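What follows is one structure encoded as structure tokens, with my remarks underneath.
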Amino acid sequence: MDVLEFAAQYAAGERNFAGINLAGANLGGMNLSGANLTQAVLASTKFDRANLAQVNLSGAYLYGATVQYARLTSANLVGADFTKANLSGANLVKANLTRARFSGAMLKGVNLRQANLSGVNFCGANLSGINLRSANLTEANLQWANLTGARLSGAILTNAKLDNVRLSQAYLNGVDLHGVDLDGVDLSDSKLSGTNLSGANLTVANLNDVCLRRANLAEANLHAASLNGAAIDYANLQSADLSQCDLLEAVLHHANLAQANLNGAKLYGANLSGANLTNASLWAAKLDRAILHHANLSGANLRGASLRQTDLHQISYSPQTQFPEINDLPPLGDRALRSA
């Protein structure tokens, strides 16, 4: 069937085109809402700016298709193959993309708010600027995907694969990422306020200038991660591993760092005012110029720590607190420290 015959049948009221072969056809700008294109062969087909609302493309083959700025709201794309396709600017709000394949596809600026993306394959896809708010990404494959500037607030990422994903400048406020493996992932300048990252693996991750305000990072592994300039105030980092971390000028105001491992961490100029460092290990940590006003260092281990130009007045400590050798310790003043 050629394009003219297809268009004529649709205009006459026909909606069932299951299994049709329109590979390479130009259907740009057409109104095909409600059409049944199940198992259709649509490789390299052009759908730019077409109206595909509520269309059924389940199992369809759209390798290399262009679907730029098309409307696919509430469409059925279950198991569809969009490998290498270009969907830039498309609207897929509330669409069902369960187990669909988008490997290597371009989805820049796509709106997938409240879409069902469970089991979807976005491996190596360009998802920069995408809207995934409140989307279901359970067991989705996002390995090597570019999610720079993506909006993921309220999204479900249970058991999603995030190896080597790029999430710089992404919005992940309030997302549940507990236990997720984000080893070496770029999250720089992203928004993670209130996010649950408890038990997550963030070793060697790039978290520079990230906002983790009130986030839950209890027992998270942040070994050798970079958090320079990060806003981590009021966050829960109890028992977290922050050894060898870069935390230059980071804001940890009122953060809970009880029993945290900060051995060898670089905290030059960091703001730890009001932080809870009870029983924390800061062996050989660099705390030069750090702000520790009203910080609780009860039972903390600061052996070998560097505290040049650090004001230790008004901190809380206990007899179990281990300070550096006396020659390396700044003046403690006239016992203005409050003994815990």
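To be explicit about the labels: the chains of the structure tokens are called A, B, and onward in the order shown, and within each one the residues are counted from 1, while ligands get numbers from 1 in the order they are shown.
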
Identify, on the basis of only C-alpha atoms, every residue whose closest approach to Ser226 of chain A does not exceed 10 Å; exclude the query and any residue fewer than 2 positions from it along the same chain; express the result as JSON, numbers by chain.
-> {"A": [184, 186, 187, 188, 202, 203, 204, 205, 206, 207, 208, 209, 210, 222, 223, 224, 228, 229, 230, 242, 244, 245, 246, 247, 248, 266]}

Find the residues near Ser33 of chain A: any atom within 8 Å, counting only C-alpha atoms, skip ones fewer than 2 places away on the same chain, and give them as a PyMOL selection string.
-> chain A and resi 31+35+51-55

Contact residues around segment 270-278 of chain A with only C-alpha atoms at 7 Å, ignoring same-chain residues under 3 positions, as a PyMOL selection string = chain A and resi 247-259+267+290-300

With C-alpha atoms retained, export the selected residues as a compact mmCIF listing (two decimals), in the first residue's frame.
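And here is the file that came out, again03.txt:
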# COMPACT_ATOMS: atom_id res chain seq x y z
CA LEU A 247 34.70 18.37 49.63
CA LEU A 248 36.32 21.75 49.01
CA GLU A 249 34.00 24.60 50.06
CA ALA A 250 31.15 22.09 50.49
CA VAL A 251 28.26 23.11 52.72
CA LEU A 252 27.54 20.44 55.35
CA HIS A 253 25.69 22.75 57.72
CA HIS A 254 23.74 20.64 60.26
CA ALA A 255 24.48 17.45 58.30
CA ASN A 256 24.38 14.14 60.18
CA LEU A 257 27.85 12.59 59.81
CA ALA A 258 27.70 10.35 62.86
CA GLN A 259 30.00 7.34 62.45
CA LEU A 267 37.44 19.55 53.47
CA ALA A 290 36.87 24.65 57.73
CA ILE A 291 33.98 26.12 59.72
CA LEU A 292 33.16 23.96 62.75
CA HIS A 293 31.06 26.29 64.87
CA HIS A 294 28.73 24.27 67.12
CA ALA A 295 29.81 21.01 65.44
CA ASN A 296 29.58 17.90 67.62
CA LEU A 297 32.89 16.00 67.59
CA SER A 298 32.14 13.69 70.50
CA GLY A 299 34.15 10.48 70.09
CA ALA A 300 35.49 11.64 66.71

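Computed from the coordinates, the atom CA of Ala150 of chain A to atom CA of Arg113 of chain A distance equals 11.4 Å.
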
What lies within 7 Å of segment 116-133 of chain A using only C-alpha atoms, ignoring chain neighbours under 5 positions off, as a count of residues only?
-> 36

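Closest approach to Gly179 of chain A among A:Leu32, A:Ala200, A:Val165, A:Leu192 is made by A:Ala200 (distances from only C-alpha atoms).
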
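If you measure from each of A:Ser316, A:Ser281, A:Thr73, A:Ser239 to Gly34 of chain A using only C-alpha atoms, the closest one turns out to be A:Thr73.
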
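The two atoms in question, atom CA of Arg308 of chain A and atom CA of Gly264 of chain A, are spaced 15.2 Å apart.
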
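Between atom CA of Ala85 of chain A and atom CA of Asp181 of chain A lies a distance of 28.2 Å.
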